[in-house]
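Dropping entry-v4.txt in here (compact mmCIF, C-alpha atoms):
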```
# COMPACT_ATOMS: atom_id res chain seq x y z
CA MET S 1 132.76 -89.28 124.17
CA SER S 2 135.46 -91.92 124.26
CA ARG S 3 139.09 -90.84 123.90
CA ILE S 4 141.11 -92.95 121.48
CA ILE S 5 144.83 -92.76 122.22
CA VAL S 6 147.60 -94.59 120.39
CA ILE S 7 150.64 -95.51 122.50
CA THR S 8 153.57 -95.49 120.12
CA SER S 9 157.33 -95.11 119.81
CA GLY S 10 159.99 -94.80 117.19
CA LYS S 11 161.95 -97.85 118.30
CA GLY S 12 161.32 -101.05 120.19
CA GLY S 13 162.41 -101.74 123.74
CA VAL S 14 161.35 -98.44 125.29
CA GLY S 15 158.40 -99.96 127.21
CA LYS S 16 155.49 -99.08 124.96
CA SER S 17 153.40 -102.16 125.77
CA SER S 18 154.07 -101.99 129.53
CA THR S 19 153.07 -98.32 129.39
CA THR S 20 149.81 -99.22 127.64
CA ILE S 21 148.95 -101.82 130.30
CA ASN S 22 149.90 -99.85 133.39
CA LEU S 23 148.26 -96.66 132.16
CA GLY S 24 145.15 -98.72 131.41
CA TYR S 25 145.10 -99.94 135.00
CA ALA S 26 145.56 -96.42 136.36
CA LEU S 27 142.66 -95.13 134.26
CA ALA S 28 140.46 -98.08 135.28
CA ASN S 29 141.35 -97.50 138.93
CA ALA S 30 140.08 -93.93 138.49
CA LYS S 31 136.63 -95.34 137.64
CA ASN S 32 136.99 -95.17 133.85
CA ARG S 33 135.90 -97.92 131.48
CA VAL S 34 139.00 -98.80 129.49
CA CYS S 35 139.67 -100.97 126.44
CA LEU S 36 143.20 -101.96 125.48
CA ILE S 37 143.66 -102.87 121.81
CA ASP S 38 146.69 -104.94 120.87
CA ALA S 39 147.49 -103.61 117.40
CA ASP S 40 150.99 -105.07 117.40
CA PHE S 41 150.16 -108.04 115.19
CA GLY S 42 153.81 -109.02 114.96
CA LEU S 43 154.47 -109.60 118.67
CA LYS S 44 150.94 -110.05 120.14
CA ASN S 45 152.08 -109.66 123.74
CA LEU S 46 149.39 -107.85 125.71
CA ASP S 47 147.39 -110.95 126.63
CA VAL S 48 150.50 -112.63 128.06
CA MET S 49 151.64 -109.50 129.90
CA LEU S 50 148.18 -109.22 131.47
CA GLY S 51 148.06 -112.92 132.35
CA LEU S 52 144.98 -113.34 130.16
CA GLU S 53 146.31 -115.62 127.42
CA ASN S 54 144.18 -118.56 128.60
CA ARG S 55 141.02 -116.46 128.32
CA VAL S 56 141.48 -115.57 124.66
CA ILE S 57 139.08 -117.75 122.68
CA TYR S 58 138.17 -115.67 119.63
CA ASP S 59 139.94 -113.02 117.62
CA LEU S 60 138.93 -110.35 115.13
CA ASN S 61 138.92 -112.78 112.22
CA ASP S 62 136.16 -114.73 113.97
CA VAL S 63 134.06 -111.56 114.09
CA ILE S 64 134.69 -110.85 110.41
CA SER S 65 133.67 -114.41 109.49
CA ASN S 66 130.55 -114.15 111.73
CA LYS S 67 131.69 -116.88 114.13
CA CYS S 68 131.17 -114.58 117.11
CA SER S 69 130.17 -111.05 118.05
CA LEU S 70 132.51 -108.18 118.84
CA SER S 71 131.60 -108.36 122.52
CA GLN S 72 132.70 -112.00 122.61
CA ILE S 73 136.29 -111.21 121.67
CA LEU S 74 136.66 -108.64 124.44
CA VAL S 75 138.45 -110.21 127.39
CA LYS S 76 137.65 -108.80 130.84
CA ASP S 77 140.60 -108.31 133.14
CA LYS S 78 140.75 -110.57 136.20
CA ARG S 79 141.34 -107.70 138.62
CA PHE S 80 139.39 -104.70 137.28
CA ASP S 81 135.84 -105.14 136.00
CA SER S 82 136.13 -101.93 133.98
CA LEU S 83 139.27 -102.98 132.03
CA TYR S 84 139.01 -105.05 128.83
CA LEU S 85 141.45 -106.33 126.24
CA LEU S 86 140.84 -106.68 122.53
CA PRO S 87 143.65 -109.17 121.76
CA ALA S 88 145.77 -109.16 118.63
CA CYS S 89 144.38 -111.09 115.71
CA LYS S 90 146.55 -114.19 115.41
CA SER S 91 145.13 -115.24 112.04
CA LEU S 92 145.31 -111.94 110.16
CA SER S 93 148.21 -109.82 108.96
CA PHE S 94 148.22 -106.10 108.26
CA GLU S 95 148.12 -106.86 104.54
CA ASN S 96 144.73 -108.56 104.99
CA MET S 97 143.30 -106.06 107.46
CA ASN S 98 140.36 -103.94 106.35
CA ILE S 99 140.88 -100.48 107.86
CA GLU S 100 137.27 -99.52 107.17
CA TYR S 101 136.04 -102.48 109.20
CA MET S 102 138.37 -101.57 112.05
CA THR S 103 137.11 -97.98 111.96
CA LYS S 104 133.53 -99.22 112.32
CA MET S 105 134.61 -101.44 115.20
CA ILE S 106 136.20 -98.48 116.97
CA GLU S 107 133.01 -96.47 116.47
CA HIS S 108 131.10 -99.27 118.17
CA LEU S 109 133.56 -99.45 121.09
CA LYS S 110 133.39 -95.69 121.60
CA ASN S 111 129.89 -96.12 122.99
CA LYS S 112 131.10 -98.55 125.65
CA PHE S 113 134.39 -97.10 126.91
CA ASP S 114 135.78 -93.84 128.26
CA TYR S 115 139.30 -94.58 127.03
CA ILE S 116 140.54 -96.78 124.20
CA LEU S 117 144.31 -97.30 124.31
CA ILE S 118 145.88 -98.75 121.17
CA ASP S 119 149.26 -100.45 121.54
CA SER S 120 150.99 -99.65 118.27
CA PRO S 121 153.91 -101.52 116.70
CA ALA S 122 157.17 -99.65 117.07
CA GLY S 123 158.56 -97.97 113.99
CA ILE S 124 156.90 -96.45 110.96
CA GLU S 125 155.81 -99.38 108.79
CA LYS S 126 152.29 -100.42 107.80
CA GLY S 127 151.37 -101.60 111.29
CA PHE S 128 152.14 -98.16 112.68
CA GLN S 129 150.06 -96.49 109.97
CA TYR S 130 147.16 -98.84 110.71
CA ALA S 131 147.22 -98.19 114.48
CA THR S 132 147.60 -94.44 114.22
CA GLY S 133 144.87 -94.25 111.57
CA LEU S 134 142.36 -95.38 114.22
CA SER S 135 143.37 -92.78 116.81
CA HIS S 136 142.62 -89.19 117.78
CA GLU S 137 145.53 -88.64 120.19
CA ALA S 138 149.00 -90.06 120.74
CA ILE S 139 151.39 -90.72 123.59
CA VAL S 140 154.96 -91.08 122.33
CA VAL S 141 157.03 -93.24 124.69
CA ILE S 142 160.74 -92.45 124.79
CA THR S 143 163.86 -93.08 126.79
CA LEU S 144 166.58 -90.47 127.22
CA ASP S 145 168.97 -91.72 124.57
CA VAL S 146 169.81 -90.26 121.18
CA THR S 147 168.34 -93.05 119.05
CA SER S 148 165.02 -93.02 120.92
CA LEU S 149 164.66 -89.25 120.53
CA ARG S 150 165.72 -89.27 116.90
CA ASP S 151 163.22 -91.99 116.01
CA ALA S 152 160.49 -90.36 118.10
CA ASP S 153 161.00 -87.08 116.25
CA ARG S 154 160.40 -88.89 112.98
CA VAL S 155 157.27 -90.55 114.38
CA ILE S 156 155.87 -87.20 115.53
CA GLY S 157 156.18 -85.89 111.99
CA LEU S 158 154.25 -88.90 110.67
CA LEU S 159 151.57 -88.50 113.34
CA MET S 160 151.07 -84.90 112.25
CA LYS S 161 150.66 -86.07 108.65
CA GLN S 162 147.98 -88.48 109.89
CA GLY S 163 146.14 -85.48 111.33
CA ILE S 164 146.97 -86.24 114.98
CA THR S 165 147.91 -82.94 116.60
CA GLN S 166 147.21 -83.78 120.25
CA MET S 167 150.40 -85.53 121.33
CA HIS S 168 152.23 -86.04 124.59
CA MET S 169 155.67 -87.32 125.45
CA LEU S 170 156.12 -89.95 128.16
CA ILE S 171 159.64 -90.59 129.40
CA ASN S 172 160.09 -94.19 130.51
CA LYS S 173 162.91 -95.85 132.47
CA TYR S 174 163.89 -92.49 133.95
CA ASN S 175 166.84 -92.51 136.35
CA ASP S 176 167.94 -89.44 138.33
CA ASP S 177 171.53 -90.63 138.71
CA ASP S 178 171.94 -91.14 134.97
CA VAL S 179 170.66 -87.62 134.28
CA LEU S 180 172.75 -85.92 137.00
CA LYS S 181 175.91 -87.76 135.95
CA HIS S 182 175.25 -87.02 132.25
CA ARG S 183 175.07 -90.68 131.31
CA CYS S 184 171.96 -89.90 129.28
CA LEU S 185 170.23 -86.89 127.79
CA SER S 186 168.26 -84.45 129.94
CA LEU S 187 164.59 -83.55 130.15
CA LYS S 188 165.44 -80.25 128.45
CA ASP S 189 167.12 -82.12 125.58
CA ALA S 190 163.97 -84.20 125.08
CA SER S 191 161.75 -81.13 125.21
CA ASP S 192 163.94 -79.17 122.79
CA ILE S 193 164.15 -82.01 120.27
CA LEU S 194 160.52 -83.21 120.29
CA SER S 195 158.65 -79.98 121.16
CA ILE S 196 155.57 -81.73 122.53
CA PRO S 197 154.23 -81.55 126.11
CA LEU S 198 155.51 -83.95 128.75
CA ILE S 199 152.68 -86.06 130.21
CA GLY S 200 154.81 -87.87 132.76
CA LEU S 201 157.94 -89.62 133.96
CA VAL S 202 158.04 -93.32 134.77
CA TYR S 203 161.03 -94.19 136.90
CA ASP S 204 163.24 -97.14 136.05
CA ASP S 205 162.11 -100.12 138.09
CA ARG S 206 163.80 -103.51 138.01
CA LYS S 207 160.51 -105.10 139.08
CA MET S 208 158.97 -104.33 135.70
CA ILE S 209 160.40 -107.42 133.98
CA GLU S 210 159.58 -109.63 136.97
CA THR S 211 155.93 -108.55 137.05
CA ILE S 212 155.56 -108.94 133.27
CA ASN S 213 156.89 -112.49 133.48
CA ARG S 214 154.25 -113.28 136.12
CA GLY S 215 151.41 -111.72 134.14
CA MET S 216 150.93 -109.36 137.07
CA PRO S 217 151.38 -105.75 135.86
CA LEU S 218 153.59 -103.51 137.99
CA TYR S 219 150.70 -101.15 138.68
CA LEU S 220 149.19 -103.77 141.01
CA ASP S 221 152.37 -103.74 143.11
CA ASN S 222 151.39 -100.36 144.64
CA SER S 223 154.95 -99.13 144.20
CA SER S 224 156.21 -95.62 143.54
CA THR S 225 156.22 -96.54 139.86
CA SER S 226 152.51 -97.32 139.92
CA HIS S 227 151.95 -93.83 141.35
CA CYS S 228 153.72 -92.44 138.27
CA PHE S 229 150.91 -93.89 136.15
CA ASP S 230 148.27 -92.52 138.52
CA ARG S 231 149.69 -89.04 137.95
CA ILE S 232 149.73 -89.53 134.19
CA ALA S 233 146.12 -90.74 134.25
CA LYS S 234 145.07 -87.64 136.19
CA ARG S 235 146.87 -85.35 133.75
CA LEU S 236 145.11 -87.06 130.86
CA ASP S 237 141.87 -86.38 132.70
CA GLY S 238 142.67 -82.65 132.72
CA GLN S 239 143.92 -82.32 136.28
CA GLU S 240 146.94 -80.15 137.03
CA ILE S 241 149.24 -82.55 138.83
CA PRO S 242 152.83 -81.54 139.72
CA PHE S 243 155.61 -83.84 138.62
CA GLN S 244 156.87 -86.10 141.37
CA LYS S 245 160.01 -85.20 143.26
CA SER S 246 163.31 -86.90 142.59
CA GLN S 247 163.59 -90.52 143.64
CA ARG S 248 167.31 -90.08 144.17
CA LYS S 249 168.19 -91.51 147.61
CA PRO S 250 170.12 -89.45 150.18
CA LEU S 251 173.92 -89.79 149.98
CA PHE S 252 174.19 -91.75 153.28
CA GLU S 253 171.58 -94.24 152.10
CA ARG S 254 173.22 -94.68 148.69
CA ILE S 255 176.66 -95.30 150.25
CA PHE S 256 175.59 -97.75 152.93
CA GLY S 257 172.62 -99.29 151.14
CA LEU S 258 170.17 -98.47 153.93
```
The structure given in the file should be rewritten as structure tokens.
Amino acid sequence: MSRIIVITSGKGGVGKSSTTINLGYALANAKNRVCLIDADFGLKNLDVMLGLENRVIYDLNDVISNKCSLSQILVKDKRFDSLYLLPACKSLSFENMNIEYMTKMIEHLKNKFDYILIDSPAGIEKGFQYATGLSHEAIVVITLDVTSLRDADRVIGLLMKQGITQMHMLINKYNDDDVLKHRCLSLKDASDILSIPLIGLVYDDRKMIETINRGMPLYLDNSSTSHCFDRIAKRLDGQEIPFQKSQRKPLFERIFGL
């Protein structure tokens, strides 16, 4: 049975879409068939971030108007045969979206994929309600700042009202130095405030923006950050994987830049 997971957050800028993409790659690399759904109709960024914008020919409105089939709007990734994108519908808004039709579409996709990851709009407006209404599980992406945790706490309450009880917290842009020097909140603060299990840490990586601009997701860089997503994918798959050790460099290396 396919697992349908919404990737969401309480505020923008925490790396929700990059998390969706890189986790999708990690799951596909583990021999899963994965479909990414861009449900952020406002920004519509996943195709660009994946470098697939030139391959998008149809959208969901074409399926609704019988111009093409559902399989024709799925865009296969250039690097993994088992990873597909269902791009955002550029000609429909949330106000015109039929949730019942989308539910039937998800039911159809469940027979083809092991994981369906839905990139939700940030915040709690209609787009968030639409994306979460299609899901069974949620990953709440946060950073260790007060506003992110406060907004995430509100989102968790709304997810529970939607009937989603299986939730995990993913901490993005994590930096050991910031935590140790108390420039941000701690892992314990996040756990105490949100009270949901931690699925993984993704370390801050300045290459993230560079790879997004090239349409070449960071996961393909085989960096330590890509291994963060491998660990998260394994935990989602039920494996007991220890959290990675600190990436804080030794004092000598930090002083002399070696």
Atom CA of S:Ile118 to atom CA of S:Ile4, distance in Å rounded to a single decimal: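 Interatomic distance here is 7.5 Å.
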Surrounding residues of S:Leu85 excluding itself and chain neighbours under 4 positions, 7 Å, all atoms listed in the file, as number ranges by chain: S: 35-37, 74-76
S:Glu137, S:Glu53, S:Asp119, S:Asp177 ranked by distance to S:Asn22, top pick (using only C-alpha atoms):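 With only C-alpha atoms as the atom set, the closest residue is S:Asp119.
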Which residues of stretch 187-235 of chain S come within 8 Å of stretch 26-29 of chain S, and for each one, what is the closest pair of atoms and their distance in Å to one decimal, counting only C-alpha atoms, sorted by chain and residue number, as a Markdown table?
```
| residue | atom | partner | partner_atom | distance |
| --- | --- | --- | --- | --- |
| S:Tyr219 | CA | S:Ala26 | CA | 7.4 |
| S:Ser226 | CA | S:Ala26 | CA | 7.9 |
| S:Phe229 | CA | S:Ala26 | CA | 5.9 |
| S:Asp230 | CA | S:Ala26 | CA | 5.2 |
| S:Ala233 | CA | S:Leu27 | CA | 5.6 |
```
Atom-to-atom span, atom CA of S:Leu158 and atom CA of S:Val202, Å: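 Atom-to-atom, atom CA of S:Leu158 to atom CA of S:Val202, that is 24.8 Å.
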Counting only C-alpha atoms, the residue of S:Thr20, S:Gln72, S:Thr143, S:Ser82 that sits nearest S:Ser186: S:Thr143
Computed interatomic separation between atom CA of S:Ile164 and atom CA of S:Ile139 (Å):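 Atom CA of S:Ile139 lies at a distance of 10.7 Å from atom CA of S:Ile164.
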Exercise: residues within 12 Å of coordinate (148.7, -85.9, 124.4), counting all atoms listed in the file, as a ChimeraX atom specification: /S:3-8,135-141,156,159,164-170,196-200,232-233,235-238
Would you save the residues of that selection, restricted to C-alpha atoms, as an mmCIF file, in the frame of the given file?
```
data_model
loop_
_atom_site.group_PDB
_atom_site.id
_atom_site.type_symbol
_atom_site.label_atom_id
_atom_site.label_comp_id
_atom_site.auth_asym_id
_atom_site.auth_seq_id
_atom_site.Cartn_x
_atom_site.Cartn_y
_atom_site.Cartn_z
ATOM 1 C CA ARG S 3 139.090 -90.840 123.900
ATOM 2 C CA ILE S 4 141.110 -92.950 121.480
ATOM 3 C CA ILE S 5 144.830 -92.760 122.220
ATOM 4 C CA VAL S 6 147.600 -94.590 120.390
ATOM 5 C CA ILE S 7 150.640 -95.510 122.500
ATOM 6 C CA THR S 8 153.570 -95.490 120.120
ATOM 7 C CA SER S 135 143.370 -92.780 116.810
ATOM 8 C CA HIS S 136 142.620 -89.190 117.780
ATOM 9 C CA GLU S 137 145.530 -88.640 120.190
ATOM 10 C CA ALA S 138 149.000 -90.060 120.740
ATOM 11 C CA ILE S 139 151.390 -90.720 123.590
ATOM 12 C CA VAL S 140 154.960 -91.080 122.330
ATOM 13 C CA VAL S 141 157.030 -93.240 124.690
ATOM 14 C CA ILE S 156 155.870 -87.200 115.530
ATOM 15 C CA LEU S 159 151.570 -88.500 113.340
ATOM 16 C CA ILE S 164 146.970 -86.240 114.980
ATOM 17 C CA THR S 165 147.910 -82.940 116.600
ATOM 18 C CA GLN S 166 147.210 -83.780 120.250
ATOM 19 C CA MET S 167 150.400 -85.530 121.330
ATOM 20 C CA HIS S 168 152.230 -86.040 124.590
ATOM 21 C CA MET S 169 155.670 -87.320 125.450
ATOM 22 C CA LEU S 170 156.120 -89.950 128.160
ATOM 23 C CA ILE S 196 155.570 -81.730 122.530
ATOM 24 C CA PRO S 197 154.230 -81.550 126.110
ATOM 25 C CA LEU S 198 155.510 -83.950 128.750
ATOM 26 C CA ILE S 199 152.680 -86.060 130.210
ATOM 27 C CA GLY S 200 154.810 -87.870 132.760
ATOM 28 C CA ILE S 232 149.730 -89.530 134.190
ATOM 29 C CA ALA S 233 146.120 -90.740 134.250
ATOM 30 C CA ARG S 235 146.870 -85.350 133.750
ATOM 31 C CA LEU S 236 145.110 -87.060 130.860
ATOM 32 C CA ASP S 237 141.870 -86.380 132.700
ATOM 33 C CA GLY S 238 142.670 -82.650 132.720
#
```
Contacts of S:Ile193 at 12 Å (only C-alpha atoms; same-chain gap of 4+ positions) as a ChimeraX atom specification: /S:142,144-154,156,169,185-189,197
Need the shell around S:Ser120: protein/DNA/RNA residues with any atom at most 10 Å away, counting all atoms listed in the file. Skip same-chain ones fewer than 4 positions apart. Format as a short mmCIF file (atom, residue, chain, number, x, y, z; two decimals) with C-alpha atoms, keeping the file's coordinate frame?
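part-v9.cif, freshly written:
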```
data_model
loop_
_atom_site.label_atom_id
_atom_site.label_comp_id
_atom_site.auth_asym_id
_atom_site.auth_seq_id
_atom_site.Cartn_x
_atom_site.Cartn_y
_atom_site.Cartn_z
CA VAL S 6 147.60 -94.59 120.39
CA ILE S 7 150.64 -95.51 122.50
CA THR S 8 153.57 -95.49 120.12
CA SER S 9 157.33 -95.11 119.81
CA LYS S 16 155.49 -99.08 124.96
CA SER S 17 153.40 -102.16 125.77
CA THR S 20 149.81 -99.22 127.64
CA ILE S 37 143.66 -102.87 121.81
CA ASP S 38 146.69 -104.94 120.87
CA ALA S 39 147.49 -103.61 117.40
CA ASP S 40 150.99 -105.07 117.40
CA PHE S 41 150.16 -108.04 115.19
CA ILE S 124 156.90 -96.45 110.96
CA GLY S 127 151.37 -101.60 111.29
CA PHE S 128 152.14 -98.16 112.68
CA GLN S 129 150.06 -96.49 109.97
CA TYR S 130 147.16 -98.84 110.71
CA ALA S 131 147.22 -98.19 114.48
CA THR S 132 147.60 -94.44 114.22
#
```
Given 5 Å of margin on each side, can you work out the centre and size in Å (one decimal) of an axis-aligned box holding every listed atom of stretch 165-176 of chain S, as JSON?
```
{"center_x": 157.6, "center_y": -89.4, "center_z": 127.5, "size_x": 30.7, "size_y": 22.9, "size_z": 31.7}
```
